[in-house]
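Engineer: You'll find structure-v1.pdb just under this line, and it carries PDB, C-alpha atoms.
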ATOM      1  CA  MET A 156      -4.907 156.638  31.692  1.00  0.00           C
ATOM      2  CA  ARG A 157      -7.451 155.587  29.103  1.00  0.00           C
ATOM      3  CA  LEU A 158      -8.073 151.911  28.521  1.00  0.00           C
ATOM      4  CA  THR A 159      -6.950 152.267  24.905  1.00  0.00           C
ATOM      5  CA  VAL A 160      -3.565 153.533  26.109  1.00  0.00           C
ATOM      6  CA  PHE A 161      -3.377 150.752  28.690  1.00  0.00           C
ATOM      7  CA  TRP A 162      -4.058 148.026  26.110  1.00  0.00           C
ATOM      8  CA  GLN A 163      -1.597 149.566  23.665  1.00  0.00           C
ATOM      9  CA  ARG A 164       1.115 149.501  26.338  1.00  0.00           C
ATOM     10  CA  MET A 165       0.258 145.896  27.138  1.00  0.00           C
ATOM     11  CA  ALA A 166       0.520 144.975  23.446  1.00  0.00           C
ATOM     12  CA  ASP A 167       3.768 146.908  23.038  1.00  0.00           C
ATOM     13  CA  HIS A 168       5.350 145.110  25.972  1.00  0.00           C
ATOM     14  CA  PHE A 169       3.944 141.580  25.644  1.00  0.00           C
ATOM     15  CA  GLY A 170       2.836 141.404  22.001  1.00  0.00           C
ATOM     16  CA  GLU A 171      -0.792 141.381  20.845  1.00  0.00           C
ATOM     17  CA  ALA A 172      -1.612 137.730  21.530  1.00  0.00           C
ATOM     18  CA  TYR A 173       0.278 137.306  24.786  1.00  0.00           C
ATOM     19  CA  ALA A 174      -1.033 140.568  26.261  1.00  0.00           C
ATOM     20  CA  ASP A 175      -4.587 139.201  26.207  1.00  0.00           C
ATOM     21  CA  SER A 176      -3.513 135.814  27.548  1.00  0.00           C
ATOM     22  CA  PHE A 177      -1.486 137.422  30.329  1.00  0.00           C
ATOM     23  CA  ALA A 178      -4.384 139.710  31.249  1.00  0.00           C
ATOM     24  CA  ARG A 179      -6.794 136.764  31.491  1.00  0.00           C
ATOM     25  CA  ASP A 180      -4.609 134.178  33.183  1.00  0.00           C
ATOM     26  CA  HIS A 181      -1.889 135.778  35.302  1.00  0.00           C
ATOM     27  CA  VAL A 182      -3.024 136.353  38.891  1.00  0.00           C
ATOM     28  CA  MET A 183      -1.007 139.087  40.565  1.00  0.00           C
ATOM     29  CA  SER A 184      -0.575 139.756  44.255  1.00  0.00           C
ATOM     30  CA  GLU A 185      -0.106 143.444  43.359  1.00  0.00           C
ATOM     31  CA  LEU A 186      -3.749 143.430  42.258  1.00  0.00           C
ATOM     32  CA  GLY A 187      -5.059 141.683  45.347  1.00  0.00           C
ATOM     33  CA  GLY A 188      -4.923 138.213  43.831  1.00  0.00           C
ATOM     34  CA  ARG A 189      -6.730 139.264  40.665  1.00  0.00           C
ATOM     35  CA  THR A 190      -5.965 139.141  36.981  1.00  0.00           C
ATOM     36  CA  VAL A 191      -5.729 142.326  34.930  1.00  0.00           C
ATOM     37  CA  TYR A 192      -9.250 141.799  33.583  1.00  0.00           C
ATOM     38  CA  GLU A 193     -10.657 141.142  37.055  1.00  0.00           C
ATOM     39  CA  ALA A 194      -8.974 144.235  38.474  1.00  0.00           C
ATOM     40  CA  LEU A 195     -10.278 146.446  35.663  1.00  0.00           C
ATOM     41  CA  GLU A 196     -13.783 144.977  35.973  1.00  0.00           C
ATOM     42  CA  ALA A 197     -13.677 145.628  39.726  1.00  0.00           C
ATOM     43  CA  GLY A 198     -13.082 149.306  39.008  1.00  0.00           C
ATOM     44  CA  ARG A 199      -9.355 149.632  39.569  1.00  0.00           C
ATOM     45  CA  PRO A 200      -8.006 152.508  37.444  1.00  0.00           C
ATOM     46  CA  ALA A 201      -6.070 151.467  34.336  1.00  0.00           C
ATOM     47  CA  LYS A 202      -3.055 153.500  35.463  1.00  0.00           C
ATOM     48  CA  GLU A 203      -2.956 151.604  38.771  1.00  0.00           C
ATOM     49  CA  VAL A 204      -3.252 148.272  36.976  1.00  0.00           C
ATOM     50  CA  TRP A 205      -0.469 149.248  34.564  1.00  0.00           C
ATOM     51  CA  ARG A 206       1.790 150.156  37.509  1.00  0.00           C
ATOM     52  CA  ALA A 207       1.092 146.751  39.052  1.00  0.00           C
ATOM     53  CA  VAL A 208       1.941 145.004  35.765  1.00  0.00           C
ATOM     54  CA  CYS A 209       5.156 147.040  35.542  1.00  0.00           C
ATOM     55  CA  ALA A 210       6.167 146.084  39.072  1.00  0.00           C
ATOM     56  CA  ALA A 211       5.305 142.408  38.688  1.00  0.00           C
ATOM     57  CA  MET A 212       6.892 141.953  35.276  1.00  0.00           C
ATOM     58  CA  GLU A 213       9.840 144.340  35.650  1.00  0.00           C
ATOM     59  CA  VAL A 214       8.822 146.518  32.728  1.00  0.00           C
ATOM     60  CA  PRO A 215      11.741 148.829  31.855  1.00  0.00           C
ATOM     61  CA  ALA A 216      11.413 152.358  33.211  1.00  0.00           C
ATOM     62  CA  ASP A 217      11.295 153.897  29.727  1.00  0.00           C
ATOM     63  CA  LYS A 218       8.103 151.921  28.963  1.00  0.00           C
ATOM     64  CA  ARG A 219       6.295 152.836  32.152  1.00  0.00           C
TER
END
Written as structure tokens, how would this file's structure read?

Structural biologist:
Amino acid sequence: MRLTVFWQRMADHFGEAYADSFARDHVMSELGGRTVYEALEAGRPAKEVWRAVCAAMEVPADKR
């Protein structure tokens, strides 16, 4: 998954403003105690990060 697709999915689910805030501030156990930004910066694939967001935030199956 490209980062542009990842960020579009984040914006579609959370809204533009909250997607960025969530990605900066929400620490997730699914990402090893990292935020979305930290996980991406550490080299985790965007698809893996998106799956973790989906699991943590119960994103509906049709948006995964």

Engineer: Skip segment 196-198 of chain A itself and residues of its chain fewer than 3 positions away, then list as a PyMOL selection string all residues within 12 Å of it, counting only C-alpha atoms.

Structural biologist: chain A and resi 158+178-179+186-187+189-193+201-204

Engineer: Just so the selection is clear, what residues does the PyMOL selection byres ((chain A and resi 219) around 9) cover here, as a list of chain:residue names?

Structural biologist: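 After applying the PyMOL selection byres ((chain A and resi 219) around 9), what remains is A:Arg164, A:Trp205, A:Arg206, A:Cys209, A:Val214, A:Pro215, A:Ala216, A:Asp217, A:Lys218.
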
Engineer: Return the single residue from A:Val160, A:Gly170, A:Met165, A:Asp180 that is closest to Ala207 of chain A, with distances computed using all atoms listed in the file.

Structural biologist: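 Ranking A:Val160, A:Gly170, A:Met165, A:Asp180 by distance to Ala207 of chain A, first place goes to A:Met165.
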
Engineer: Have a look at A:Val208, A:Arg199, A:Glu213, A:Ala194 and name the one nearest to Phe177 of chain A; count only C-alpha atoms.

Structural biologist: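 For Phe177 of chain A, the nearest of the candidates is A:Val208.
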
Engineer: In Å to one decimal, how far is atom CA of Ala211 of chain A from atom CA of Met156 of chain A?

Structural biologist: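 Here the two named atoms are 18.9 Å from each other.
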
Engineer: Find the distance between atom CA of Ser184 of chain A and atom CA of Pro200 of chain A and write it in Å to one decimal.

Structural biologist: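 That distance, rounded to one decimal, is 16.3 Å.
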
Engineer: Just give me the gap between atom CA of Phe161 of chain A and atom CA of Ala174 of chain A in Å, one decimal is fine.

Structural biologist: 10.7 Å

Engineer: Quick test: take segment 189-213 of chain A, keep N, CA, C and O atoms, and write it as a PDB file, in the first residue's frame.

Structural biologist:
ATOM      1  N   ARG A 189       3.836   2.185  19.710  1.00  0.00           N
ATOM      2  CA  ARG A 189       4.194   3.346  18.892  1.00  0.00           C
ATOM      3  C   ARG A 189       2.949   4.021  18.349  1.00  0.00           C
ATOM      4  O   ARG A 189       1.887   3.432  18.282  1.00  0.00           O
ATOM      5  N   THR A 190       3.130   5.253  17.921  1.00  0.00           N
ATOM      6  CA  THR A 190       2.079   5.953  17.189  1.00  0.00           C
ATOM      7  C   THR A 190       2.180   5.541  15.722  1.00  0.00           C
ATOM      8  O   THR A 190       3.155   4.902  15.306  1.00  0.00           O
ATOM      9  N   VAL A 191       1.209   5.953  14.932  1.00  0.00           N
ATOM     10  CA  VAL A 191       1.247   5.683  13.496  1.00  0.00           C
ATOM     11  C   VAL A 191       2.502   6.293  12.880  1.00  0.00           C
ATOM     12  O   VAL A 191       3.234   5.626  12.133  1.00  0.00           O
ATOM     13  N   TYR A 192       2.772   7.552  13.188  1.00  0.00           N
ATOM     14  CA  TYR A 192       3.957   8.211  12.631  1.00  0.00           C
ATOM     15  C   TYR A 192       5.239   7.492  13.042  1.00  0.00           C
ATOM     16  O   TYR A 192       6.128   7.291  12.213  1.00  0.00           O
ATOM     17  N   GLU A 193       5.340   7.114  14.298  1.00  0.00           N
ATOM     18  CA  GLU A 193       6.544   6.416  14.764  1.00  0.00           C
ATOM     19  C   GLU A 193       6.713   5.078  14.058  1.00  0.00           C
ATOM     20  O   GLU A 193       7.828   4.705  13.691  1.00  0.00           O
ATOM     21  N   ALA A 194       5.620   4.360  13.884  1.00  0.00           N
ATOM     22  CA  ALA A 194       5.691   3.056  13.215  1.00  0.00           C
ATOM     23  C   ALA A 194       6.126   3.219  11.760  1.00  0.00           C
ATOM     24  O   ALA A 194       6.979   2.461  11.270  1.00  0.00           O
ATOM     25  N   LEU A 195       5.552   4.196  11.069  1.00  0.00           N
ATOM     26  CA  LEU A 195       5.940   4.429   9.674  1.00  0.00           C
ATOM     27  C   LEU A 195       7.399   4.864   9.572  1.00  0.00           C
ATOM     28  O   LEU A 195       8.132   4.399   8.694  1.00  0.00           O
ATOM     29  N   GLU A 196       7.823   5.743  10.469  1.00  0.00           N
ATOM     30  CA  GLU A 196       9.218   6.209  10.468  1.00  0.00           C
ATOM     31  C   GLU A 196      10.192   5.077  10.781  1.00  0.00           C
ATOM     32  O   GLU A 196      11.324   5.083  10.317  1.00  0.00           O
ATOM     33  N   ALA A 197       9.738   4.101  11.564  1.00  0.00           N
ATOM     34  CA  ALA A 197      10.582   2.959  11.914  1.00  0.00           C
ATOM     35  C   ALA A 197      10.640   1.925  10.791  1.00  0.00           C
ATOM     36  O   ALA A 197      11.337   0.917  10.916  1.00  0.00           O
ATOM     37  N   GLY A 198       9.882   2.177   9.718  1.00  0.00           N
ATOM     38  CA  GLY A 198       9.951   1.280   8.571  1.00  0.00           C
ATOM     39  C   GLY A 198       8.839   0.250   8.461  1.00  0.00           C
ATOM     40  O   GLY A 198       8.890  -0.602   7.583  1.00  0.00           O
ATOM     41  N   ARG A 199       7.855   0.330   9.351  1.00  0.00           N
ATOM     42  CA  ARG A 199       6.741  -0.612   9.225  1.00  0.00           C
ATOM     43  C   ARG A 199       5.960  -0.286   7.956  1.00  0.00           C
ATOM     44  O   ARG A 199       5.708   0.883   7.672  1.00  0.00           O
ATOM     45  N   PRO A 200       5.587  -1.291   7.179  1.00  0.00           N
ATOM     46  CA  PRO A 200       4.836  -1.040   5.940  1.00  0.00           C
ATOM     47  C   PRO A 200       3.484  -0.383   6.215  1.00  0.00           C
ATOM     48  O   PRO A 200       2.824  -0.694   7.217  1.00  0.00           O
ATOM     49  N   ALA A 201       3.077   0.515   5.332  1.00  0.00           N
ATOM     50  CA  ALA A 201       1.812   1.230   5.504  1.00  0.00           C
ATOM     51  C   ALA A 201       0.632   0.270   5.617  1.00  0.00           C
ATOM     52  O   ALA A 201      -0.285   0.490   6.414  1.00  0.00           O
ATOM     53  N   LYS A 202       0.651  -0.809   4.865  1.00  0.00           N
ATOM     54  CA  LYS A 202      -0.437  -1.785   4.911  1.00  0.00           C
ATOM     55  C   LYS A 202      -0.539  -2.416   6.304  1.00  0.00           C
ATOM     56  O   LYS A 202      -1.628  -2.612   6.832  1.00  0.00           O
ATOM     57  N   GLU A 203       0.595  -2.722   6.900  1.00  0.00           N
ATOM     58  CA  GLU A 203       0.632  -3.294   8.247  1.00  0.00           C
ATOM     59  C   GLU A 203       0.114  -2.287   9.277  1.00  0.00           C
ATOM     60  O   GLU A 203      -0.633  -2.649  10.190  1.00  0.00           O
ATOM     61  N   VAL A 204       0.499  -1.044   9.116  1.00  0.00           N
ATOM     62  CA  VAL A 204       0.048   0.004  10.032  1.00  0.00           C
ATOM     63  C   VAL A 204      -1.458   0.201   9.887  1.00  0.00           C
ATOM     64  O   VAL A 204      -2.177   0.320  10.884  1.00  0.00           O
ATOM     65  N   TRP A 205      -1.951   0.194   8.646  1.00  0.00           N
ATOM     66  CA  TRP A 205      -3.388   0.344   8.424  1.00  0.00           C
ATOM     67  C   TRP A 205      -4.154  -0.807   9.078  1.00  0.00           C
ATOM     68  O   TRP A 205      -5.181  -0.614   9.713  1.00  0.00           O
ATOM     69  N   ARG A 206      -3.655  -2.018   8.951  1.00  0.00           N
ATOM     70  CA  ARG A 206      -4.305  -3.175   9.595  1.00  0.00           C
ATOM     71  C   ARG A 206      -4.346  -3.005  11.109  1.00  0.00           C
ATOM     72  O   ARG A 206      -5.332  -3.353  11.750  1.00  0.00           O
ATOM     73  N   ALA A 207      -3.284  -2.474  11.681  1.00  0.00           N
ATOM     74  CA  ALA A 207      -3.251  -2.238  13.127  1.00  0.00           C
ATOM     75  C   ALA A 207      -4.274  -1.181  13.523  1.00  0.00           C
ATOM     76  O   ALA A 207      -4.966  -1.328  14.531  1.00  0.00           O
ATOM     77  N   VAL A 208      -4.380  -0.113  12.738  1.00  0.00           N
ATOM     78  CA  VAL A 208      -5.377   0.930  13.001  1.00  0.00           C
ATOM     79  C   VAL A 208      -6.780   0.318  12.926  1.00  0.00           C
ATOM     80  O   VAL A 208      -7.620   0.566  13.787  1.00  0.00           O
ATOM     81  N   CYS A 209      -7.017  -0.484  11.899  1.00  0.00           N
ATOM     82  CA  CYS A 209      -8.324  -1.127  11.732  1.00  0.00           C
ATOM     83  C   CYS A 209      -8.680  -1.996  12.934  1.00  0.00           C
ATOM     84  O   CYS A 209      -9.812  -1.961  13.419  1.00  0.00           O
ATOM     85  N   ALA A 210      -7.722  -2.762  13.413  1.00  0.00           N
ATOM     86  CA  ALA A 210      -7.964  -3.637  14.554  1.00  0.00           C
ATOM     87  C   ALA A 210      -8.209  -2.834  15.832  1.00  0.00           C
ATOM     88  O   ALA A 210      -9.128  -3.133  16.595  1.00  0.00           O
ATOM     89  N   ALA A 211      -7.404  -1.813  16.036  1.00  0.00           N
ATOM     90  CA  ALA A 211      -7.505  -1.027  17.272  1.00  0.00           C
ATOM     91  C   ALA A 211      -8.768  -0.181  17.319  1.00  0.00           C
ATOM     92  O   ALA A 211      -9.362   0.005  18.383  1.00  0.00           O
ATOM     93  N   MET A 212      -9.178   0.323  16.164  1.00  0.00           N
ATOM     94  CA  MET A 212     -10.293   1.273  16.129  1.00  0.00           C
ATOM     95  C   MET A 212     -11.574   0.689  15.539  1.00  0.00           C
ATOM     96  O   MET A 212     -12.519   1.391  15.278  1.00  0.00           O
ATOM     97  N   GLU A 213     -11.580  -0.626  15.347  1.00  0.00           N
ATOM     98  CA  GLU A 213     -12.748  -1.341  14.835  1.00  0.00           C
ATOM     99  C   GLU A 213     -13.311  -0.703  13.562  1.00  0.00           C
ATOM    100  O   GLU A 213     -14.496  -0.407  13.452  1.00  0.00           O
TER     101      GLU A 213
END
